[in-house]
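**Student:** Here's a structure for you.
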Amino acid sequence: MADALIARFTKQFPGGVRIRGELGAGASGASVTVLFGPSGCGKTTVLRCLAGLERPEEGQIRFGAETWFDSASRVCRRPQQRGVGFVFQDYALFPHLSVAENLAFGLKSQPAAEGRRRVGEMLERMGIAELASQRPRQLSGGQQQRVALARALVCRPRLLLLDEPLSALDAGSREELRGELRRLLGSLDLPVVLVTHDRNEALALGDELVVMSAGAVRQSGPVLDVFNRPADAEVARIVGVETRQPGSIVERGEGLATVAVGTARILALAPPDGVRDVLVCIRGEDVILQRDRGAVSSVRNRLSARVVAVQPGSPLVRVELDAGFPLFAFITRPAADDLQLRPGDVVSALIKAPAVHLIGREMSGRS
């Protein structure tokens with residue numbers, strides 16, 4: 001089993017900007033931990049502190065039995081002592097070296113024959129052997145990404161750090177390489193920490209999610225748990241919960257709560273006793289739209305809704321609704337073609353009670 005990373009530290013920048021890193025990777029057997037949040041929230045700074053490229057002012061970073069950084073005992077291991085592989089956002093390939101020479105650059109301490117063997121093995125593993133003699137400028141974005149990953153992995157790191165690994169690619173290449181990258185990362189016997197601000201990448205690539213905002217960690221846990229059950233309004237906004245509306249609980253019973261939101265009433269799993277004012281969170285993917293209001297369904301929430309706008313996208317179509325409160329739905333293109341929705345149309349919006357997540361507003365801050 002791979003060693004675990006445990007980090008709690010503070011990095012202070014001139015001007016008062018403070019970044020607080022708090023995460024673990026590999027401890028629960030999860031292979032990929034995603035640092036997720038908007039641009040400028042401190043994700044890359046956390047990554048650079050883990051790599052030893054930035055030095056925190058306070059705290060501790062431990063990997064397995066080793067201490068990489070400890071402010072109290074004044075320990076700070078250099079980057080080359082940590083055994084970390086780092087893939088930068090722009091890949092940072094040496095433009096004057098061939099693909100094979102880029103991979104070999106970090107193996108200078110190895111005997112020449114061993115270096116050639118490891119480079120050859122990694123070129124084959126990454127499917128880029130035919131590119132060995134080419135320079136980075138001759139490669140596509142996807143090929144450059146594979147080379148950057150290969151260069152990081154050929155040195156056999158104990159921890160792999162990826163900074164926005166797909167952001168330099170066009171949309172089509174990102175879609176194509178997302179699954180390939182997930183398979184590769186899942187096959188590695190080492191913890192991975194990956195930075196992204198893209199929701200689809202976080203869902204596709206991560207096992208654990210660490211949500212950051214304004215330099216601090218707001219929530220962490222298994223990816224789907226965090227996306228489906230955000231801890232507060234800020235996390236709900238960051239992870240992209242489309243519907244976030246204030247409501248009040250008017251009735252409880254059998255583990256369910258009836259919530260008044262706008263002019264509507266909806267059922268949800270009851271929050272803890274004593275919570276009355278809530279933020280109602282509903283993901284767009286959890287809203288089902290139907291034309292036939294008489295159709296039989298076991299779904300507890302069936303709301304009459306007027307279509308406000310239809311916004312085509314890829315791969316889902318976003319539908320804005322007035323259901324007594326602003327409600328958003330994501331439906332597939334075939335479903336949109338079948339429904340033939342137009343602004344002003346009246347439809348039924350079906351939402352299962354467990355898909356309605358309630359956050360106590362005294363805990364949630366601004367909605």
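Quick note on naming: the chains in the structure tokens go A, B, ... in the order shown, residues restart at 1 in each chain, and ligands are numbered from 1 in order of appearance.
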Pick out the residues sitting within 9 Å of region 207-218 of chain A, and hand them over as a ChimeraX atom specification; count only C-alpha atoms, and ignore anything fewer than 3 positions along from it in its own chain.

**Tutor:** /A:17-23,25,30-38,40-43,202-204,221-227,231-232,234-235,238-239

**Student:** Region 49-213 of chain A: which residues are strand (DSSP E) by DSSP, as a short mmCIF file (atom, residue, chain, number, x, y, z; two decimals) with C-alpha atoms, in the first residue's frame?

**Tutor:**
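As a result, part-v1.cif now contains:
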```
data_model
loop_
_atom_site.label_atom_id
_atom_site.label_comp_id
_atom_site.auth_asym_id
_atom_site.auth_seq_id
_atom_site.Cartn_x
_atom_site.Cartn_y
_atom_site.Cartn_z
CA GLU A 58 3.43 27.38 9.98
CA GLY A 59 2.29 23.79 10.19
CA GLN A 60 3.43 20.37 9.12
CA ILE A 61 3.62 18.16 6.02
CA ARG A 62 4.22 14.44 6.54
CA PHE A 63 4.51 11.62 4.03
CA GLU A 66 8.86 11.14 6.91
CA THR A 67 8.50 14.77 7.92
CA TRP A 68 8.80 17.00 4.87
CA PHE A 69 8.01 20.23 6.68
CA ASP A 70 7.59 21.14 10.35
CA VAL A 75 12.43 20.93 9.13
CA CYS A 76 11.97 21.66 5.43
CA VAL A 84 7.49 14.12 -5.89
CA GLY A 85 6.45 14.14 -9.54
CA PHE A 86 4.98 17.50 -10.63
CA VAL A 87 3.09 18.13 -13.89
CA LEU A 159 3.55 11.30 -4.79
CA LEU A 160 2.22 12.76 -8.06
CA LEU A 161 1.00 16.37 -8.24
CA LEU A 162 -1.00 17.63 -11.24
CA ASP A 163 -1.83 21.32 -11.72
CA VAL A 192 -2.17 11.69 -6.53
CA VAL A 193 -3.16 15.28 -5.72
CA LEU A 194 -4.77 17.08 -8.64
CA VAL A 195 -5.84 20.72 -8.95
CA THR A 196 -8.82 21.76 -11.08
CA GLU A 208 -11.67 12.47 -2.65
CA LEU A 209 -12.57 16.15 -3.01
CA VAL A 210 -11.14 19.10 -1.07
CA VAL A 211 -13.13 22.29 -1.73
CA MET A 212 -11.23 25.54 -1.27
CA SER A 213 -12.47 29.14 -1.17
#
```

**Student:** Within 10 Å of Leu107 (chain A), counting only C-alpha atoms, which residues qualify if same-chain residues fewer than 2 places away don't, as a PDB file with N, CA and C atoms, in the first residue's frame?

**Tutor:**
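Okay, this is what ended up in selection-v3.pdb:
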```
ATOM      1  N   GLU A 101      14.645  12.736 -24.645  1.00  0.00           N
ATOM      2  CA  GLU A 101      15.599  13.503 -23.832  1.00  0.00           C
ATOM      3  C   GLU A 101      14.887  14.204 -22.677  1.00  0.00           C
ATOM      4  N   ASN A 102      13.632  14.658 -22.897  1.00  0.00           N
ATOM      5  CA  ASN A 102      12.856  15.239 -21.804  1.00  0.00           C
ATOM      6  C   ASN A 102      12.654  14.219 -20.692  1.00  0.00           C
ATOM      7  N   LEU A 103      12.329  12.984 -21.063  1.00  0.00           N
ATOM      8  CA  LEU A 103      12.113  11.945 -20.061  1.00  0.00           C
ATOM      9  C   LEU A 103      13.409  11.603 -19.333  1.00  0.00           C
ATOM     10  N   ALA A 104      14.506  11.601 -20.069  1.00  0.00           N
ATOM     11  CA  ALA A 104      15.787  11.187 -19.489  1.00  0.00           C
ATOM     12  C   ALA A 104      16.395  12.259 -18.591  1.00  0.00           C
ATOM     13  N   PHE A 105      15.884  13.493 -18.668  1.00  0.00           N
ATOM     14  CA  PHE A 105      16.519  14.608 -17.962  1.00  0.00           C
ATOM     15  C   PHE A 105      16.615  14.356 -16.455  1.00  0.00           C
ATOM     16  N   SER A 109      21.218  10.709 -12.650  1.00  0.00           N
ATOM     17  CA  SER A 109      21.948  10.008 -11.586  1.00  0.00           C
ATOM     18  C   SER A 109      21.956   8.494 -11.802  1.00  0.00           C
ATOM     19  N   GLN A 110      21.147   8.012 -12.746  1.00  0.00           N
ATOM     20  CA  GLN A 110      21.094   6.580 -13.032  1.00  0.00           C
ATOM     21  C   GLN A 110      22.181   6.185 -14.036  1.00  0.00           C
ATOM     22  N   PRO A 111      22.656   4.953 -13.998  1.00  0.00           N
ATOM     23  CA  PRO A 111      23.555   4.484 -15.055  1.00  0.00           C
ATOM     24  C   PRO A 111      22.881   4.646 -16.417  1.00  0.00           C
ATOM     25  N   ALA A 112      23.668   4.920 -17.449  1.00  0.00           N
ATOM     26  CA  ALA A 112      23.114   5.236 -18.767  1.00  0.00           C
ATOM     27  C   ALA A 112      22.184   4.136 -19.271  1.00  0.00           C
ATOM     28  N   GLU A 114      20.459   1.917 -17.559  1.00  0.00           N
ATOM     29  CA  GLU A 114      19.230   1.898 -16.769  1.00  0.00           C
ATOM     30  C   GLU A 114      18.317   3.049 -17.187  1.00  0.00           C
ATOM     31  N   GLY A 115      18.907   4.216 -17.429  1.00  0.00           N
ATOM     32  CA  GLY A 115      18.117   5.360 -17.878  1.00  0.00           C
ATOM     33  C   GLY A 115      17.429   5.081 -19.203  1.00  0.00           C
ATOM     34  N   ARG A 116      18.157   4.515 -20.158  1.00  0.00           N
ATOM     35  CA  ARG A 116      17.560   4.207 -21.467  1.00  0.00           C
ATOM     36  C   ARG A 116      16.436   3.182 -21.321  1.00  0.00           C
ATOM     37  N   ARG A 118      14.484   2.616 -18.691  1.00  0.00           N
ATOM     38  CA  ARG A 118      13.301   3.201 -18.064  1.00  0.00           C
ATOM     39  C   ARG A 118      12.584   4.166 -18.995  1.00  0.00           C
ATOM     40  N   VAL A 119      13.349   4.916 -19.781  1.00  0.00           N
ATOM     41  CA  VAL A 119      12.726   5.815 -20.759  1.00  0.00           C
ATOM     42  C   VAL A 119      11.945   5.005 -21.789  1.00  0.00           C
ATOM     43  N   ARG A 151       7.285  12.112 -18.168  1.00  0.00           N
ATOM     44  CA  ARG A 151       8.504  12.659 -17.557  1.00  0.00           C
ATOM     45  C   ARG A 151       8.400  12.652 -16.027  1.00  0.00           C
ATOM     46  N   VAL A 154       8.546   8.715 -14.912  1.00  0.00           N
ATOM     47  CA  VAL A 154       9.737   7.916 -15.206  1.00  0.00           C
ATOM     48  C   VAL A 154      10.721   7.934 -14.034  1.00  0.00           C
ATOM     49  N   CYS A 155      10.635   8.972 -13.196  1.00  0.00           N
ATOM     50  CA  CYS A 155      11.516   9.059 -12.032  1.00  0.00           C
ATOM     51  C   CYS A 155      10.975   8.270 -10.834  1.00  0.00           C
TER      52      CYS A 155
END
```

**Student:** Extract, using only C-alpha atoms, all DNA, RNA and protein residues at most 7 Å from Gly284 (chain A), discarding same-chain residues fewer than 5 positions from it, and format them as number ranges by chain.

**Tutor:** A: 242, 328-330

**Student:** So that I can check the secondary structure, give me every residue of region 77-320 of chain A assigned alpha helix (DSSP H) by backbone DSSP, as a PyMOL selection string.

**Tutor:** chain A and resi 79-82+99-104+112-125+141-153+171-187+199-205+223-228+233-238

**Student:** Report, in Å with one decimal, the straight-line distance from CA of Asp286 (chain A) to CA of Ile331 (chain A).

**Tutor:**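 Spanning CA of Asp286 (chain A) to CA of Ile331 (chain A) is a straight-line distance of 9.3 Å.
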
**Student:** Find the spatial neighbours of Leu181 (chain A), counting only C-alpha atoms, within a cut-off of 12 Å - ignore same-chain residues fewer than 5 positions away - and output them as JSON, numbers by chain.

**Tutor:** {"A": [32, 126, 142, 145, 146, 149, 150, 162, 165, 166, 173, 174, 175, 176, 186, 187, 188, 192, 194, 201, 204, 205, 206]}

**Student:** Can you work out the spacing between CA of Arg135 (chain A) and CA of Leu153 (chain A) in Å, to one decimal?

**Tutor:**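 Those two atoms sit 19.1 Å apart.
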
**Student:** With only C-alpha atoms as the atoms that count, which of A:Val307, A:Val250, A:Ala323, A:Ala233 lies nearest to Gly262 (chain A)?

**Tutor:**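 Closest to Gly262 (chain A) of all the choices is A:Ala323.
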